[in-house]
Amino acid sequence: MSSSPSSDYEPMFTRPGEASVAPRHLIPPQGSLPATARQIVEDETILDGNARLNLATFVSTWMDDDAKQVYTSSFDKNMIDKDEYPQTAAIEDNCWHMLANLWNAPDASGAIGTSTVGSSEACMLGGLAFKRRWQQARRAAGKDTSTPNLVMSSAVQVCWEKFCNYFDVEPRYVPISEEHKTLDGHDLATYVDENTIGVVAIMGVTYTGMYEPVAAIAAALDEIQKDTGLDIPIHVDGASGAMIAPFLQPDLVWDFRLERVHSISTSGHKYGLVYPGLGWVVWREEKWLPEDLVFKVSYLGGEMPTFALNFSRPGAQVLLQYYLFLRLGFEGYRAVQQESQDVAKYLSAGIAGLDAFELWNDGSDIPVFAWRLKDGHTKNWTLYHLQDRLRMRGWLVPAYPMPADLEQITVQRIVVRNGLSMDLAADLLDAITAEVAHLDALTAPMPADHPDSAFHH
């Protein structure tokens, strides 16, 4: 008597699961073979974009094979279990001390910091420290604490909008303009008052990659303090630039060399070169992180301070960061970031050489740049159409409107990360050149409805 073959031996795509539509919203009543489940997952994600060709994201999409081995040997570790994984906790401590020194803290041993899931959480912790410190000072003076505000650029990353929404802080946006392309201290006195908990300065604006001049912002706040007595601190959102400027622009003063800078955050998973998700935040001195925000966790007979919005989270990315600090060293980081900037400037120069475009910036700050169509170049196509044409070739190069007061301007942006080689960049530039030629040859306008922007800052 014959019997039906075991599903172990059936051809892959005739097995239950692959031979039917996988459930979308209900857990299936029966399980499947591991290989079948894996194949379904791989099948359903096969149409995702190639991460290496995603020039919309700042997040790392490449690490070496040794880093992957560090990752796979440690992804079961929970960062919050500091008593169970004391060496991982110690490595976290090592990393933020390294960053405190990299960012020129006057005394790294007197600083305090922590890892986070990403720089968005790090920013929120910096904002919470501002708010709590302001509340304490106001209460001590017998003053009202119900209307805190935070001053920042209109081009700020969305995490700051979330912070203000979630923690009941009024956001005060200083609009950028053609004349003032970043928050640069201009007219700052009209935005700050006694209820201002702090000012956010961005080292690498998400829209364009440009640095905000932290020293100029600090100088403006110094003048405001002279005139009004208001002592307003700065948090530097260095999601990208805090891991670029120390290596490529070491003489640029933006960090703890400015006394008014109380805290700095960065993304380990951006130009820290680690897979997502990892962030860091460091305070110049312990006194700038209110003690009542810090929880004490005991381990090895001692205490480890913790300050976070998340509880359980991966420890593997912290170990990856330490691996990279050891693997690359200062000179290795400098070389990686310099190569990314060289590629960015090569691409921006090539795009500037096309008659259709005008650069907004050229990638001289972080290796990110944006451009727009020249006025009057064409009425037949827009940057959204170029975005769509490039997507058909596999490249994700986002087009999007600028922030409030400049929303009539559409730009396109390229983020150059470790892994976008000069050779790949040449292919991209050839693709842009060819698609612009195709669009310029149109004899009638493209449809007015443009594809959805690939930009999600």
# chains A, B, ... in the order shown; residues from 1 in each chain; ligands from 1
>>> select_by_dssp(residues="region 240-418 of chain A", states="alpha helix (DSSP H)", output="PyMOL selection string")
chain A and resi 245-248+316-352+383-392
>>> closest_atom_pairs(of="region 170-211 of chain A", to="region 395-404 of chain A", cutoff="9 Å", atoms="only C-alpha atoms", output="CSV")
residue,atom,partner,partner_atom,distance
A:Pro175,CA,A:Ala404,CA,6.8
A:Ile176,CA,A:Pro403,CA,7.9
A:Tyr207,CA,A:Met402,CA,7.1
>>> closest_residue(among="A:His385, A:His25, A:Arg313, A:His186", to="Asn78 (chain A)", atoms="only C-alpha atoms")
A:Arg313
>>> residues_around(residues="region 109-118 of chain A", least_positions_apart="4", cutoff="6 Å", atoms="only C-alpha atoms", output="MDAnalysis selection string")
chainID A and resid 96 122 267 277:286
>>> write_last_selection(atoms="N, CA, C and O atoms", output="mmCIF file, in the first residue's frame")
data_model
loop_
_atom_site.group_PDB
_atom_site.id
_atom_site.type_symbol
_atom_site.label_atom_id
_atom_site.label_comp_id
_atom_site.auth_asym_id
_atom_site.auth_seq_id
_atom_site.Cartn_x
_atom_site.Cartn_y
_atom_site.Cartn_z
ATOM 1 N N TRP A 96 29.621 55.141 26.726
ATOM 2 C CA TRP A 96 29.215 56.539 26.869
ATOM 3 C C TRP A 96 30.336 57.394 27.443
ATOM 4 O O TRP A 96 30.408 58.598 27.160
ATOM 5 N N ALA A 122 16.731 59.061 23.158
ATOM 6 C CA ALA A 122 17.782 59.882 23.768
ATOM 7 C C ALA A 122 17.366 61.349 23.812
ATOM 8 O O ALA A 122 17.591 62.051 24.809
ATOM 9 N N SER A 267 22.744 58.862 17.376
ATOM 10 C CA SER A 267 22.268 57.534 16.991
ATOM 11 C C SER A 267 23.477 56.641 16.751
ATOM 12 O O SER A 267 24.231 56.883 15.801
ATOM 13 N N GLY A 277 18.460 48.957 16.703
ATOM 14 C CA GLY A 277 18.366 50.344 17.036
ATOM 15 C C GLY A 277 19.166 50.659 18.301
ATOM 16 O O GLY A 277 19.021 49.996 19.322
ATOM 17 N N LEU A 278 19.943 51.727 18.210
ATOM 18 C CA LEU A 278 20.815 52.143 19.305
ATOM 19 C C LEU A 278 20.977 53.645 19.298
ATOM 20 O O LEU A 278 21.237 54.248 18.256
ATOM 21 N N GLY A 279 20.811 54.255 20.466
ATOM 22 C CA GLY A 279 21.101 55.669 20.632
ATOM 23 C C GLY A 279 21.929 55.876 21.887
ATOM 24 O O GLY A 279 22.099 54.966 22.710
ATOM 25 N N TRP A 280 22.439 57.084 22.027
ATOM 26 C CA TRP A 280 23.225 57.464 23.206
ATOM 27 C C TRP A 280 22.864 58.887 23.607
ATOM 28 O O TRP A 280 22.585 59.734 22.752
ATOM 29 N N VAL A 281 22.893 59.148 24.897
ATOM 30 C CA VAL A 281 22.774 60.515 25.393
ATOM 31 C C VAL A 281 23.743 60.678 26.552
ATOM 32 O O VAL A 281 23.897 59.771 27.393
ATOM 33 N N VAL A 282 24.438 61.810 26.561
ATOM 34 C CA VAL A 282 25.432 62.106 27.598
ATOM 35 C C VAL A 282 25.176 63.519 28.108
ATOM 36 O O VAL A 282 24.924 64.439 27.314
ATOM 37 N N TRP A 283 25.229 63.666 29.440
ATOM 38 C CA TRP A 283 25.151 64.982 30.063
ATOM 39 C C TRP A 283 26.546 65.435 30.465
ATOM 40 O O TRP A 283 27.350 64.634 30.968
ATOM 41 N N ARG A 284 26.813 66.714 30.240
ATOM 42 C CA ARG A 284 28.129 67.300 30.511
ATOM 43 C C ARG A 284 28.579 67.042 31.940
ATOM 44 O O ARG A 284 29.731 66.690 32.197
ATOM 45 N N GLU A 285 27.647 67.196 32.883
ATOM 46 C CA GLU A 285 27.917 66.949 34.302
ATOM 47 C C GLU A 285 26.696 66.273 34.907
ATOM 48 O O GLU A 285 25.569 66.482 34.454
ATOM 49 N N GLU A 286 26.921 65.496 35.945
ATOM 50 C CA GLU A 286 25.812 64.785 36.588
ATOM 51 C C GLU A 286 24.732 65.737 37.073
ATOM 52 O O GLU A 286 23.555 65.386 37.080
#
>>> closest_atom_pairs(of="region 183-208 of chain A", to="region 157-169 of chain A", cutoff="9 Å", atoms="only C-alpha atoms", output="CSV")
residue,atom,partner,partner_atom,distance
A:Ile197,CA,A:Val169,CA,9.0
A:Val200,CA,A:Trp160,CA,8.9
A:Ile202,CA,A:Gln157,CA,8.8
A:Val205,CA,A:Gln157,CA,7.7
A:Thr206,CA,A:Gln157,CA,6.3
A:Tyr207,CA,A:Gln157,CA,8.5
>>> residues_around(residues="Pro367 (chain A)", least_positions_apart="3", cutoff="7 Å", atoms="only C-alpha atoms", output="list in words")
Ser340, Gln341, Ala344, Gly363, Ser364, Val415 and Val416 of chain A
>>> residues_around(residues="Leu386 (chain A)", least_positions_apart="3", cutoff="8 Å", atoms="only C-alpha atoms", output="number ranges by chain")
A: 381-383, 389-390, 432, 435-436, 439
>>> atom_distance(atom1="CA of Ala242 (chain A)", atom2="CA of Ala108 (chain A)")
16.3 Å
>>> atom_distance(atom1="CA of Gln225 (chain A)", atom2="CA of Phe256 (chain A)")
19.0 Å
